[in-house]
Every structure is written in structure tokens, then in C-alpha cells.
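Pasted below: upload_21.tsv, TSV, C-alpha atoms and all ligand atoms.
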chain	number	residue	atom	x	y	z
A	1	MET	CA	-27.47	-21.41	6.31
A	2	ARG	CA	-25.47	-23.66	8.64
A	3	LEU	CA	-26.80	-26.58	6.60
A	4	ASN	CA	-25.57	-25.15	3.31
A	5	MET	CA	-22.40	-26.19	1.48
A	6	THR	CA	-19.15	-24.55	2.59
A	7	GLN	CA	-17.78	-21.71	0.46
A	8	GLY	CA	-14.32	-23.11	1.05
A	9	VAL	CA	-10.96	-21.39	0.82
A	10	THR	CA	-10.00	-21.73	-2.85
A	11	ASP	CA	-11.18	-20.09	-6.07
A	12	ILE	CA	-12.48	-23.44	-7.26
A	13	SER	CA	-14.45	-24.08	-4.08
A	14	ALA	CA	-15.95	-20.58	-4.44
A	15	SER	CA	-17.06	-21.30	-8.02
A	16	VAL	CA	-18.45	-24.68	-6.95
A	17	TYR	CA	-20.41	-22.90	-4.22
A	18	ASN	CA	-21.69	-20.23	-6.61
A	19	LEU	CA	-22.69	-22.89	-9.11
A	20	HIS	CA	-24.55	-24.74	-6.39
A	21	MET	CA	-26.39	-21.56	-5.38
A	22	ILE	CA	-27.28	-20.51	-8.97
A	23	ILE	CA	-28.72	-23.93	-9.75
A	24	PHE	CA	-30.49	-24.02	-6.41
A	25	TYR	CA	-32.20	-20.68	-7.21
A	26	ILE	CA	-33.12	-21.87	-10.72
A	27	CYS	CA	-34.71	-24.96	-9.15
A	28	CYS	CA	-36.59	-22.75	-6.67
A	29	VAL	CA	-38.01	-20.58	-9.48
A	30	ILE	CA	-39.02	-23.64	-11.53
A	31	GLY	CA	-40.62	-25.17	-8.45
A	32	ILE	CA	-42.58	-22.01	-7.63
A	33	VAL	CA	-43.79	-21.53	-11.24
A	34	VAL	CA	-44.76	-25.19	-11.84
A	35	PHE	CA	-46.44	-25.77	-8.47
A	36	GLY	CA	-48.00	-22.27	-8.59
A	37	ILE	CA	-49.70	-22.97	-11.93
A	38	MET	CA	-50.66	-26.47	-10.79
A	39	PHE	CA	-52.29	-25.43	-7.50
A	40	TRP	CA	-53.90	-22.35	-9.06
A	41	SER	CA	-55.43	-24.57	-11.77
A	42	ILE	CA	-56.59	-27.20	-9.28
A	43	ILE	CA	-58.30	-24.59	-7.10
A	44	HIS	CA	-59.77	-22.23	-9.67
A	45	HIS	CA	-60.75	-24.71	-12.35
A	46	ARG	CA	-62.11	-27.49	-10.16
A	47	LYS	CA	-65.06	-29.63	-11.20
A	48	SER	CA	-67.33	-28.37	-8.42
A	49	LYS	CA	-67.04	-24.89	-9.96
A	50	GLY	CA	-68.29	-26.33	-13.25
A	51	ALA	CA	-64.93	-26.26	-15.08
A	52	LYS	CA	-64.72	-28.29	-18.28
A	53	PRO	CA	-61.29	-29.93	-18.91
A	54	ALA	CA	-59.41	-28.42	-21.84
A	55	ASN	CA	-58.02	-30.75	-24.46
A	56	PHE	CA	-54.56	-29.95	-25.78
A	57	HIS	CA	-53.72	-33.49	-26.85
A	58	GLU	CA	-51.38	-33.49	-29.88
A	59	SER	CA	-50.97	-29.72	-29.70
A	60	THR	CA	-47.77	-28.93	-31.60
A	61	LYS	CA	-47.44	-25.56	-29.90
A	62	VAL	CA	-47.48	-27.07	-26.38
A	63	GLU	CA	-45.17	-29.92	-27.31
A	64	ILE	CA	-42.56	-27.58	-28.77
A	65	LEU	CA	-42.80	-25.31	-25.72
A	66	TRP	CA	-42.36	-28.04	-23.14
A	67	THR	CA	-39.38	-29.41	-25.03
A	68	ALA	CA	-37.75	-26.08	-25.82
A	69	ILE	CA	-38.04	-24.41	-22.40
A	70	PRO	CA	-36.34	-27.23	-20.38
A	71	PHE	CA	-33.72	-27.52	-23.15
A	72	VAL	CA	-32.82	-23.85	-22.85
A	73	ILE	CA	-32.73	-24.08	-19.05
A	74	LEU	CA	-30.43	-27.13	-19.16
A	75	ILE	CA	-28.03	-25.49	-21.62
A	76	ALA	CA	-27.94	-22.36	-19.45
A	77	MET	CA	-26.97	-24.51	-16.46
A	78	ALA	CA	-24.46	-26.65	-18.38
A	79	PHE	CA	-22.35	-23.67	-19.44
A	80	PRO	CA	-21.04	-22.52	-16.04
A	81	ALA	CA	-20.99	-26.13	-14.74
A	82	THR	CA	-18.76	-27.34	-17.58
A	83	LYS	CA	-16.45	-24.36	-17.21
A	84	THR	CA	-15.88	-25.11	-13.52
A	85	LEU	CA	-15.50	-28.84	-14.15
A	86	ILE	CA	-12.84	-28.29	-16.81
A	87	GLU	CA	-10.96	-25.99	-14.42
A	88	MET	CA	-11.13	-28.61	-11.66
A	89	GLU	CA	-9.72	-31.29	-13.96
A	90	ASP	CA	-6.82	-29.20	-15.20
A	91	THR	CA	-3.88	-30.45	-13.12
A	92	THR	CA	-1.18	-29.06	-15.44
A	93	ASP	CA	1.62	-26.69	-14.33
A	94	ALA	CA	1.56	-27.73	-10.69
A	95	ASP	CA	4.17	-26.22	-8.35
A	96	LEU	CA	4.11	-29.20	-6.01
A	97	THR	CA	2.93	-32.81	-6.32
A	98	VAL	CA	1.80	-34.93	-3.40
A	99	GLN	CA	0.92	-38.59	-3.67
A	100	VAL	CA	-1.95	-39.48	-1.36
A	101	THR	CA	-2.39	-43.17	-0.59
A	102	GLY	CA	-5.27	-44.49	1.47
A	103	SER	CA	-4.82	-47.67	3.47
A	104	GLN	CA	-6.88	-49.26	6.21
A	105	TRP	CA	-7.12	-46.90	8.15
A	106	LYS	CA	-4.68	-44.11	7.62
A	107	TRP	CA	-3.33	-41.83	4.88
A	108	HIS	CA	0.16	-41.81	3.44
A	109	TYR	CA	1.61	-38.64	1.92
A	110	ARG	CA	4.63	-38.49	-0.38
A	111	TYR	CA	6.12	-35.26	-1.71
A	112	PHE	CA	7.40	-35.79	-5.23
A	113	GLU	CA	9.81	-32.86	-5.35
A	114	HIS	CA	11.24	-33.54	-1.89
A	115	ASP	CA	12.72	-36.50	-0.08
A	116	LEU	CA	9.83	-36.83	2.33
A	117	ASP	CA	6.97	-39.22	2.94
A	118	TYR	CA	5.02	-40.17	6.02
A	119	TYR	CA	1.85	-41.74	7.39
A	120	SER	CA	-0.87	-39.63	8.94
A	121	LEU	CA	-2.77	-41.39	11.73
A	122	LEU	CA	-5.77	-40.52	13.87
A	123	ALA	CA	-4.60	-38.68	16.99
A	124	THR	CA	-7.82	-38.71	19.01
A	125	PRO	CA	-7.04	-40.73	22.17
A	126	GLN	CA	-8.86	-44.03	22.82
A	127	SER	CA	-10.12	-42.60	26.12
A	128	GLU	CA	-12.15	-39.99	24.21
A	129	ILE	CA	-13.51	-42.58	21.81
A	130	HIS	CA	-14.64	-44.76	24.73
A	131	ASN	CA	-16.18	-41.81	26.61
A	132	LYS	CA	-13.72	-42.02	29.50
A	133	ILE	CA	-12.91	-38.33	29.09
A	134	ALA	CA	-14.79	-35.46	27.45
A	135	LYS	CA	-14.58	-35.27	23.66
A	136	SER	CA	-12.42	-32.44	22.27
A	137	ALA	CA	-13.59	-29.84	19.73
A	138	ASN	CA	-11.98	-31.67	16.80
A	139	TYR	CA	-13.01	-35.13	17.92
A	140	LEU	CA	-11.99	-37.72	15.28
A	141	LEU	CA	-10.72	-34.89	13.08
A	142	GLU	CA	-7.14	-34.70	14.37
A	143	VAL	CA	-4.04	-36.53	13.16
A	144	ASP	CA	-0.50	-37.01	14.40
A	145	ARG	CA	1.14	-35.68	11.22
A	146	PRO	CA	-0.97	-33.38	9.05
A	147	LEU	CA	-0.29	-32.80	5.38
A	148	VAL	CA	1.44	-29.43	4.91
A	149	ILE	CA	1.14	-27.42	1.69
A	150	PRO	CA	2.12	-23.90	0.65
A	151	THR	CA	-0.48	-21.16	0.10
A	152	GLY	CA	-0.84	-19.47	-3.28
A	153	GLN	CA	0.77	-22.39	-5.14
A	154	LYS	CA	-0.84	-25.03	-7.29
A	155	VAL	CA	-0.62	-28.35	-5.46
A	156	ARG	CA	-1.43	-31.48	-7.44
A	157	PHE	CA	-2.63	-34.60	-5.64
A	158	LEU	CA	-2.17	-38.09	-7.05
A	159	ILE	CA	-4.67	-40.20	-5.18
A	160	THR	CA	-4.50	-43.97	-4.90
A	161	SER	CA	-4.94	-46.81	-2.42
A	162	ASP	CA	-3.02	-49.72	-0.90
A	163	ASP	CA	-6.03	-51.96	-0.25
A	164	VAL	CA	-9.70	-51.08	-0.65
A	165	ILE	CA	-11.45	-48.01	-2.07
A	166	HIS	CA	-11.10	-44.90	0.09
A	167	SER	CA	-11.92	-41.32	-0.82
A	168	TRP	CA	-9.87	-38.23	-0.02
A	169	TRP	CA	-12.30	-35.49	0.90
A	170	VAL	CA	-11.47	-31.96	2.05
A	171	PRO	CA	-14.68	-29.93	1.74
A	172	GLU	CA	-12.97	-26.54	1.97
A	173	PHE	CA	-10.87	-27.34	-1.14
A	174	ALA	CA	-13.90	-28.80	-2.97
A	175	ILE	CA	-11.91	-32.00	-3.44
A	176	LYS	CA	-13.49	-35.41	-3.06
A	177	LYS	CA	-11.71	-38.09	-5.08
A	178	ASP	CA	-11.86	-41.84	-4.83
A	179	ALA	CA	-8.62	-43.58	-3.89
A	180	ASN	CA	-8.69	-46.83	-5.87
A	181	PRO	CA	-6.08	-49.59	-5.62
A	182	GLY	CA	-4.19	-49.83	-8.91
A	183	PHE	CA	-5.47	-46.49	-10.23
A	184	ILE	CA	-4.32	-42.92	-9.84
A	185	ASN	CA	-6.88	-40.14	-9.65
A	186	GLU	CA	-5.79	-36.53	-9.91
A	187	ALA	CA	-6.96	-33.41	-8.14
A	188	TRP	CA	-5.44	-30.04	-7.38
A	189	THR	CA	-5.85	-27.04	-5.15
A	190	ARG	CA	-4.50	-23.55	-4.63
A	191	VAL	CA	-5.25	-22.40	-1.11
A	192	ASN	CA	-5.50	-18.65	-0.67
A	193	GLU	CA	-5.28	-18.30	3.09
A	194	PRO	CA	-3.02	-20.05	5.61
A	195	GLY	CA	-4.98	-22.25	7.98
A	196	ILE	CA	-5.89	-25.72	9.16
A	197	TYR	CA	-8.38	-27.56	6.99
A	198	ARG	CA	-10.00	-30.83	7.96
A	199	GLY	CA	-11.60	-33.65	6.05
A	200	GLN	CA	-12.42	-37.33	6.19
A	201	CYS	CA	-12.37	-40.55	4.22
A	202	ALA	CA	-15.62	-40.46	2.25
A	203	GLU	CA	-15.90	-44.01	0.98
A	204	LEU	CA	-16.94	-46.76	3.37
A	205	CYS	CA	-13.66	-48.68	3.65
A	206	GLY	CA	-14.15	-51.03	6.58
A	207	LYS	CA	-14.31	-51.07	10.34
A	208	ASP	CA	-12.37	-47.86	11.04
A	209	HIS	CA	-13.66	-45.83	8.09
A	210	GLY	CA	-14.67	-43.09	10.54
A	211	PHE	CA	-11.22	-43.09	12.13
A	212	MET	CA	-9.00	-41.93	9.26
A	213	PRO	CA	-9.42	-38.15	9.16
A	214	ILE	CA	-7.48	-35.74	6.98
A	215	VAL	CA	-5.80	-32.59	8.29
A	216	VAL	CA	-4.13	-30.18	5.88
A	217	ILE	CA	-2.12	-27.19	7.09
A	218	ALA	CA	-1.59	-24.43	4.54
A	219	LYS	CA	1.46	-22.29	5.31
A	220	GLU	CA	2.97	-19.22	3.60
A	221	PRO	CA	5.56	-20.44	1.04
A	222	ALA	CA	8.52	-19.20	3.12
A	223	GLU	CA	7.23	-21.02	6.18
A	224	PHE	CA	6.46	-24.08	4.11
A	225	ASN	CA	10.04	-24.19	2.80
A	226	LYS	CA	11.34	-23.87	6.35
A	227	TRP	CA	9.07	-26.71	7.47
A	228	MET	CA	10.13	-28.86	4.52
A	229	ALA	CA	13.84	-28.30	5.23
A	230	GLU	CA	13.30	-29.26	8.88
A	231	GLN	CA	11.31	-32.37	8.02
A	232	THR	CA	13.74	-33.68	5.41
A	233	GLU	CA	16.55	-33.10	7.91
A	234	ILE	CA	14.62	-35.04	10.59
A	235	ALA	CA	13.91	-37.87	8.14
A	236	LYS	CA	17.58	-38.02	7.15
A	237	ASN	CA	18.69	-38.11	10.78
A	238	ALA	CA	16.14	-40.79	11.58
A	239	LYS	CA	17.59	-42.99	8.84
A	240	ALA	CA	21.11	-42.48	10.20
A	241	GLU	CA	19.79	-43.18	13.70
A	242	GLU	CA	18.29	-46.46	12.47
A	243	GLN	CA	21.68	-47.61	11.28
A	244	LYS	CA	23.23	-46.76	14.66
A	245	LEU	CA	20.41	-48.59	16.43
A	246	LEU	CA	21.34	-51.86	14.76
A	247	SER	CA	24.33	-52.26	17.02
A	248	MET	CA	22.53	-51.09	20.16
A	249	ASN	CA	20.29	-52.85	22.62
A	250	MET	CA	17.25	-51.30	24.25
A	251	SER	CA	16.12	-52.44	27.69
A	252	MET	CA	12.95	-54.47	28.21
A	253	GLU	CA	11.43	-51.49	30.04
A	254	GLU	CA	12.13	-49.04	27.23
A	255	LEU	CA	10.76	-51.46	24.65
A	256	MET	CA	7.59	-52.12	26.65
A	257	THR	CA	6.84	-48.40	27.18
A	258	LEU	CA	7.43	-47.55	23.54
A	259	GLY	CA	5.70	-50.76	22.44
A	260	GLU	CA	2.49	-49.93	24.27
A	261	LYS	CA	2.35	-46.50	22.65
A	262	VAL	CA	3.05	-47.74	19.13
A	263	TYR	CA	0.76	-50.75	19.56
A	264	ASN	CA	-2.15	-48.54	20.62
A	265	ALA	CA	-1.65	-46.23	17.64
A	266	ASN	CA	-1.17	-48.93	14.99
A	267	CYS	CA	-2.47	-52.30	16.14
A	268	ALA	CA	-5.23	-51.67	18.68
A	269	ALA	CA	-7.82	-50.79	16.02
A	270	CYS	CA	-7.99	-54.48	15.07
A	271	HIS	CA	-6.32	-56.49	17.84
A	272	GLN	CA	-7.82	-54.20	20.53
A	273	GLN	CA	-6.09	-52.48	23.42
A	274	ASN	CA	-6.52	-55.54	25.65
A	275	GLY	CA	-4.98	-57.80	22.97
A	276	GLN	CA	-8.13	-59.87	22.68
A	277	GLY	CA	-9.05	-58.93	19.11
A	278	ILE	CA	-12.61	-59.23	17.85
A	279	PRO	CA	-13.62	-62.89	17.77
A	280	GLY	CA	-14.31	-64.07	14.23
A	281	VAL	CA	-12.97	-60.87	12.68
A	282	PHE	CA	-9.57	-59.95	14.08
A	283	PRO	CA	-7.50	-62.55	15.94
A	284	GLY	CA	-6.53	-61.87	19.54
A	285	LEU	CA	-2.85	-61.77	20.55
A	286	LYS	CA	-3.25	-62.60	24.22
A	287	ASP	CA	-2.26	-66.29	24.68
A	288	SER	CA	-2.08	-66.60	20.87
A	289	ALA	CA	0.11	-69.01	18.92
A	290	ILE	CA	1.81	-66.08	17.15
A	291	ALA	CA	2.68	-64.09	20.28
A	292	LEU	CA	3.78	-67.10	22.29
A	293	GLY	CA	5.33	-69.10	19.43
A	294	ASP	CA	8.43	-68.66	17.27
A	295	VAL	CA	9.84	-65.10	17.49
A	296	LYS	CA	10.91	-65.11	13.84
A	297	GLU	CA	7.45	-66.03	12.63
A	298	HIS	CA	6.01	-63.25	14.80
A	299	ILE	CA	8.44	-60.63	13.43
A	300	ASN	CA	7.79	-61.80	9.88
A	301	ILE	CA	4.04	-61.26	10.18
A	302	VAL	CA	4.43	-57.79	11.72
A	303	VAL	CA	7.02	-56.69	9.14
A	304	ASN	CA	5.62	-58.28	5.99
A	305	GLY	CA	1.93	-58.65	6.80
A	306	LYS	CA	-0.25	-61.58	5.87
A	307	ALA	CA	-1.48	-61.76	2.28
A	308	GLY	CA	-5.22	-61.97	1.80
A	309	THR	CA	-6.01	-60.57	5.26
A	310	ALA	CA	-6.31	-57.10	6.74
A	311	MET	CA	-2.88	-57.58	8.37
A	312	GLN	CA	-0.70	-54.96	6.70
A	313	ALA	CA	3.06	-55.00	6.19
A	314	PHE	CA	4.22	-52.61	8.89
A	315	GLY	CA	7.89	-52.85	7.85
A	316	LYS	CA	7.50	-49.88	5.52
A	317	GLN	CA	5.33	-47.89	7.90
A	318	LEU	CA	7.25	-47.87	11.16
A	319	ALA	CA	10.80	-47.33	12.37
A	320	LEU	CA	12.92	-50.34	13.34
A	321	LYS	CA	12.79	-49.57	17.03
A	322	ASP	CA	9.00	-49.13	16.89
A	323	LEU	CA	8.67	-52.54	15.27
A	324	ALA	CA	11.03	-54.10	17.82
A	325	ALA	CA	8.99	-52.48	20.58
A	326	ILE	CA	5.69	-53.76	19.18
A	327	VAL	CA	6.88	-57.35	18.97
A	328	THR	CA	8.41	-57.18	22.45
A	329	TYR	CA	5.21	-55.65	23.79
A	330	GLU	CA	2.95	-58.25	22.20
A	331	ARG	CA	5.09	-61.06	23.59
A	332	ASN	CA	5.02	-59.71	27.14
A	333	ALA	CA	1.78	-57.78	27.61
A	334	TRP	CA	-1.60	-59.08	28.81
A	335	GLY	CA	0.04	-61.96	30.69
A	336	ASN	CA	1.87	-63.31	27.64
A	337	ASN	CA	5.11	-63.04	29.71
A	338	THR	CA	7.45	-64.87	27.31
A	339	GLY	CA	10.34	-62.74	28.56
A	340	ASP	CA	11.51	-62.32	24.94
A	341	VAL	CA	13.28	-59.06	24.15
A	342	VAL	CA	13.38	-58.19	20.45
A	343	GLN	CA	15.92	-55.63	19.21
A	344	ALA	CA	15.99	-53.47	16.08
A	345	ALA	CA	18.71	-55.63	14.52
A	346	ALA	CA	16.43	-58.68	14.60
A	347	ILE	CA	13.74	-56.72	12.77
A	348	ASN	CA	16.16	-55.48	10.12
A	349	GLU	CA	16.78	-59.03	8.86
A	350	PHE	CA	13.16	-59.28	7.81
A	351	LEU	CA	12.92	-56.05	5.88
A	352	VAL	CA	12.70	-57.02	2.27
A	353	ASP	CA	13.75	-53.80	0.57
A	354	LYS	CA	16.22	-52.27	3.01
B	1	CU	CU	-10.98	-45.01	4.03

For the structure just supplied, provide its representation as C-alpha cells.
Amino acid sequence: MRLNMTQGVTDISASVYNLHMIIFYICCVIGIVVFGIMFWSIIHHRKSKGAKPANFHESTKVEILWTAIPFVILIAMAFPATKTLIEMEDTTDADLTVQVTGSQWKWHYRYFEHDLDYYSLLATPQSEIHNKIAKSANYLLEVDRPLVIPTGQKVRFLITSDDVIHSWWVPEFAIKKDANPGFINEAWTRVNEPGIYRGQCAELCGKDHGFMPIVVIAKEPAEFNKWMAEQTEIAKNAKAEEQKLLSMNMSMEELMTLGEKVYNANCAACHQQNGQGIPGVFPGLKDSAIALGDVKEHINIVVNGKAGTAMQAFGKQLALKDLAAIVTYERNAWGNNTGDVVQAAAINEFLVDK
């Protein structure tokens, strides 16, 4: 039974499970009947026993039977399946709408009714991935900022993508929807019990396809509202903080410490922790023309990305000081030693829509 589908935690996932089981049992019965008759006939009416083959070629009775019986079985299966499918597709009257955007290799969540959006990144440390320490129970299934939704309410998901095709899959909600660039797919859920539910990207989307998990926390509505109030407050303060930062200078040390952390979470997947990239696929930054060359060009690439490549525009993903720290880090780590210190104010000039 461990190999069977999950029953999930929503009414829809329960009906999907039941549907799966009903059709599975129908298939078992058909299998037993068909193979039973076949093997019984082969054994009891074999040639060595002197059996003469019957001839029912062009028998109207048989032809009607073997058309009618499968037809009836198919209709009987289509009824409950269609009912469930229609229910799954009905995204009307949602209490909350969340836009889910896949991008290489992370998820972005935006709450329509609230002033809140954020990226959700893999939280499993590199040391676990490279077998330097023991793997934890939720290896590759943990994120820094999970999606939080209320229990007992209808939550609608609008699923899309920034780059290639991803797929947002949470088995316990019975949701698996492709995230296509330029399209919006809809799904919905109503989770009955509070809890932590995990999923993964289910459409091969490139090198780190296995490194963009999904974690959804379902909280009681009161707790959800409390969480939402806290988060919007934090987001508001962070914006105010950004403005203050523009007139402040961080020390080289602070920038390097923060830079290493942010680099490892956001850049190391492609450019690697040692800054050497993957030859032929992702350029290295150690001794590179970008990291040692013009600071402005370097900032521009980090903030606005590089069209036609996997290099994303990080300006909309990270805070000013994180971006300043990344650029400072890349210019001084791995023996790059340019001595350049980049501050938040320098980054701000390159943000297109701020
Ligand atoms: Cu993906």
C-alpha cells in the first residue's frame, strides 16, 4: 500500500483517490475474467485433447456483445471521472488567489488580495547535497519561505512561468499543473487540516529541476490572518529600510559575509560555490572579465540579467543590500581581490522600475 497514490488532505484529493481505486478494481475484475476464460480455454480445449476450433466468424451476437459490454463499462467509468474533473476545474468563488510563477529554479508566490509577494528557494544546505553531512528527513523538500494558506477556504492558484515550462505539483492537494511562460493555468484547493504539505516541480526544467521543491503550510484562518499581517508589515518595513539604506554605507566585511550567503543561495547553482562555473554551460566568475572589469557593467548584468541566457534579472528578486553584497562578494572572492566595495545606492541606479 506504500506504493499506492496518496489519499491527500482535501475533498478533491479524496475523490481522485477513490476514483483511482474504483477504476483499479474494475481493471482487476476485467483482467481476472478475460485471462481466466483465456487460460481455461487454452488448457481445457487444447488440440492434444482432440478439441476442434469453434467458428464464430461474422457472428452478430458476439460482435454486438463485445462492442456493448466495453461501451457500458466505459460509460460507467466516465460518469464519476467527469464529475470529479468538473469539480477540479471549477475555480469560481475563491476566498484567496495566489499567483504561482515558476522560474529556473525557484517559485514565486504573489497574494492577490494582500500586498505580499516573495520567492521560495531550496533551503537544503550544499553540504547535504554534496554528502559532507548526513541528509535530513526532508532532503531537497525544504524551502526558505513556504507558501502559507488558510484551512477551510477555497484558494485559487494562477500558475505561470518566467522562463521554461515548470509544473506545480502538490500530491496531497491532487494538484499538478504545468507552469507555461505566457499562459495562466488555474487550479484550486480547500485544505481541511492544518499541516505542512510538500511537493516538487514535475516538469523537467533544466539543470536544477530537482532543486525547486514546494512547501505549503496550511494554517487556521485566524492564524493565517495573523501571519499575513506580520508579513505585510515586514515587507513594508523592508521597503522603508531600503530607502534608508541608500544613504548608508556598509563595510567591506559586512558585505562579504552577507554576499557569500546570498551568492550561495542564488548564484551558486550555476556559477558554483567556488566561482568556477561549469565550463561550456555556465561561465565562471573567478578571474572573469565581468567580475574584474567595469563595476557598472557587472551591476547591470546582476540586476537586469542577460537576454537569451539563463542569467536572470535579480533586481526584482533580491533586496538592494543583497545585490550590493553579491557584487562586492563576486569582485573580491576566490582571489578576485579587486578591492571594490559596492553599496546599495549604486545598485539602485540600475533598477529599471523602482
Ligand atoms: Cu521547474

Nearest to Asn337 of chain A among A:Leu140, A:Lys286, A:Lys106, A:Trp169, with distances taken over all atoms listed in the file: which residue is it? A:Lys286

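Interatomic distance, atom CA of Asn264 of chain A to atom CA of Ile196 of chain A: 25.8 Å.
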
Can you tell me which residues sit at most 6 Å away from ligand CU 1 (chain B), counting only C-alpha atoms and all ligand atoms, written as a PyMOL selection string? chain A and resi 105+166+201+203+205+209

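For the choices A:Glu186, A:Glu297, A:Glu58, A:Glu172, the atom-to-atom distance to Tyr17 of chain A is smallest for A:Glu172 when using only C-alpha atoms.
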
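Take atom CA of Met38 of chain A and atom CA of Trp66 of chain A: the distance between them is 15.0 Å.
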
Which of these, A:Ala333, A:Leu258, A:Ile12, A:Ala187, has the shortest distance to Thr92 of chain A once you count only C-alpha atoms? A:Ala187

Neighbouring residues of Gln243 of chain A were defined as those with any atom within 12 Å, considering all atoms listed in the file; residues of the same chain fewer than 6 positions away were excluded. Please report them as a ChimeraX atom specification. /A:236-237,319-321,344-345,348,354

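Around Ile184 of chain A, within 12 Å and counting all atoms listed in the file, the residues found are A:Val98, A:Gln99, A:Val100, A:Thr101, A:Gly102, A:Phe157, A:Leu158, A:Ile159, A:Thr160, A:Ser161, A:Asp162, A:Ile165, A:Ser167, A:Lys177, A:Asp178, once anything fewer than 6 positions away on its own chain is removed.
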
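Residues in contact with Pro194 of chain A at 7 Å, where all atoms listed in the file are counted and same-chain residues fewer than 6 positions away are skipped, are listed as Thr151, Ala218, Lys219 and Glu220 of chain A.
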
Using C-alpha atoms, can you export the residues from the last selection as a PDB file, in the coordinates of the input?
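Resulting contents of part-v4.pdb:
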ATOM      1  CA  THR A 151      -0.480 -21.160   0.100  1.00  0.00           C
ATOM      2  CA  ALA A 218      -1.590 -24.430   4.540  1.00  0.00           C
ATOM      3  CA  LYS A 219       1.460 -22.290   5.310  1.00  0.00           C
ATOM      4  CA  GLU A 220       2.970 -19.220   3.600  1.00  0.00           C
TER       5      GLU A 220
END

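Reported to one decimal place, the separation of atom CA of Asp163 of chain A from atom CA of Ser103 of chain A is 5.8 Å.
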
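The smallest atom-to-atom distance between Ile149 of chain A and any of A:Ile133, A:Val262, A:Met228, A:Leu255, using only C-alpha atoms, is found for A:Met228.
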
Excluding segment 323-326 of chain A and its own-chain neighbours fewer than 4 positions away, which residues fall within 8 Å of it when counting all atoms listed in the file? Please give them as number ranges by chain. A: 255-256, 258-260, 262-263, 302-303, 314-315, 318-319, 330, 342-344, 346-347

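Proximity to His130 of chain A was assessed for A:Gln273, A:Ile43, A:Glu142, A:Ala240 counting only C-alpha atoms; the smallest distance is recorded for A:Gln273.
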
Kindly add all heavy atoms to the incomplete segment 65-71 of chain A and provide the output as a PDB file, in the coordinates of the input.
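To be explicit, this is the file written out as part01.pdb:
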ATOM      1  N   LEU A  65     -43.112 -26.128 -26.892  1.00  0.00           N
ATOM      2  CA  LEU A  65     -42.800 -25.310 -25.720  1.00  0.00           C
ATOM      3  C   LEU A  65     -42.218 -26.144 -24.591  1.00  0.00           C
ATOM      4  O   LEU A  65     -41.214 -25.785 -23.989  1.00  0.00           O
ATOM      5  CB  LEU A  65     -44.074 -24.608 -25.228  1.00  0.00           C
ATOM      6  CG  LEU A  65     -44.321 -23.231 -25.869  1.00  0.00           C
ATOM      7  CD1 LEU A  65     -45.599 -22.635 -25.295  1.00  0.00           C
ATOM      8  CD2 LEU A  65     -43.136 -22.307 -25.620  1.00  0.00           C
ATOM      9  N   TRP A  66     -42.868 -27.307 -24.282  1.00  0.00           N
ATOM     10  CA  TRP A  66     -42.360 -28.040 -23.140  1.00  0.00           C
ATOM     11  C   TRP A  66     -41.127 -28.875 -23.459  1.00  0.00           C
ATOM     12  O   TRP A  66     -40.582 -29.546 -22.620  1.00  0.00           O
ATOM     13  CB  TRP A  66     -43.444 -28.783 -22.366  1.00  0.00           C
ATOM     14  CG  TRP A  66     -44.070 -30.024 -22.967  1.00  0.00           C
ATOM     15  CD1 TRP A  66     -43.493 -30.959 -23.760  1.00  0.00           C
ATOM     16  CD2 TRP A  66     -45.407 -30.444 -22.742  1.00  0.00           C
ATOM     17  NE1 TRP A  66     -44.376 -31.932 -24.056  1.00  0.00           N
ATOM     18  CE2 TRP A  66     -45.581 -31.640 -23.445  1.00  0.00           C
ATOM     19  CE3 TRP A  66     -46.494 -29.918 -22.016  1.00  0.00           C
ATOM     20  CZ2 TRP A  66     -46.795 -32.338 -23.439  1.00  0.00           C
ATOM     21  CZ3 TRP A  66     -47.678 -30.617 -22.020  1.00  0.00           C
ATOM     22  CH2 TRP A  66     -47.828 -31.811 -22.737  1.00  0.00           C
ATOM     23  N   THR A  67     -40.694 -28.848 -24.711  1.00  0.00           N
ATOM     24  CA  THR A  67     -39.380 -29.410 -25.030  1.00  0.00           C
ATOM     25  C   THR A  67     -38.335 -28.295 -25.029  1.00  0.00           C
ATOM     26  O   THR A  67     -37.254 -28.435 -24.475  1.00  0.00           O
ATOM     27  CB  THR A  67     -39.396 -30.077 -26.430  1.00  0.00           C
ATOM     28  OG1 THR A  67     -40.514 -30.949 -26.494  1.00  0.00           O
ATOM     29  CG2 THR A  67     -38.128 -30.861 -26.679  1.00  0.00           C
ATOM     30  N   ALA A  68     -38.725 -27.171 -25.632  1.00  0.00           N
ATOM     31  CA  ALA A  68     -37.750 -26.080 -25.820  1.00  0.00           C
ATOM     32  C   ALA A  68     -37.368 -25.419 -24.498  1.00  0.00           C
ATOM     33  O   ALA A  68     -36.182 -25.180 -24.251  1.00  0.00           O
ATOM     34  CB  ALA A  68     -38.313 -25.057 -26.793  1.00  0.00           C
ATOM     35  N   ILE A  69     -38.353 -25.153 -23.639  1.00  0.00           N
ATOM     36  CA  ILE A  69     -38.040 -24.410 -22.400  1.00  0.00           C
ATOM     37  C   ILE A  69     -37.050 -25.201 -21.508  1.00  0.00           C
ATOM     38  O   ILE A  69     -36.004 -24.670 -21.134  1.00  0.00           O
ATOM     39  CB  ILE A  69     -39.330 -24.006 -21.651  1.00  0.00           C
ATOM     40  CG1 ILE A  69     -40.085 -22.976 -22.507  1.00  0.00           C
ATOM     41  CG2 ILE A  69     -39.001 -23.412 -20.290  1.00  0.00           C
ATOM     42  CD1 ILE A  69     -41.428 -22.560 -21.951  1.00  0.00           C
ATOM     43  N   PRO A  70     -37.327 -26.483 -21.185  1.00  0.00           N
ATOM     44  CA  PRO A  70     -36.340 -27.230 -20.380  1.00  0.00           C
ATOM     45  C   PRO A  70     -34.974 -27.320 -21.073  1.00  0.00           C
ATOM     46  O   PRO A  70     -33.935 -27.269 -20.408  1.00  0.00           O
ATOM     47  CB  PRO A  70     -36.958 -28.623 -20.247  1.00  0.00           C
ATOM     48  CG  PRO A  70     -38.407 -28.434 -20.480  1.00  0.00           C
ATOM     49  CD  PRO A  70     -38.532 -27.299 -21.436  1.00  0.00           C
ATOM     50  N   PHE A  71     -34.969 -27.440 -22.397  1.00  0.00           N
ATOM     51  CA  PHE A  71     -33.720 -27.520 -23.150  1.00  0.00           C
ATOM     52  C   PHE A  71     -32.886 -26.257 -22.927  1.00  0.00           C
ATOM     53  O   PHE A  71     -31.702 -26.317 -22.600  1.00  0.00           O
ATOM     54  CB  PHE A  71     -34.045 -27.710 -24.640  1.00  0.00           C
ATOM     55  CG  PHE A  71     -32.823 -27.843 -25.505  1.00  0.00           C
ATOM     56  CD1 PHE A  71     -32.108 -29.036 -25.517  1.00  0.00           C
ATOM     57  CD2 PHE A  71     -32.388 -26.790 -26.300  1.00  0.00           C
ATOM     58  CE1 PHE A  71     -30.978 -29.159 -26.305  1.00  0.00           C
ATOM     59  CE2 PHE A  71     -31.260 -26.909 -27.093  1.00  0.00           C
ATOM     60  CZ  PHE A  71     -30.548 -28.097 -27.093  1.00  0.00           C
TER      61      PHE A  71
END
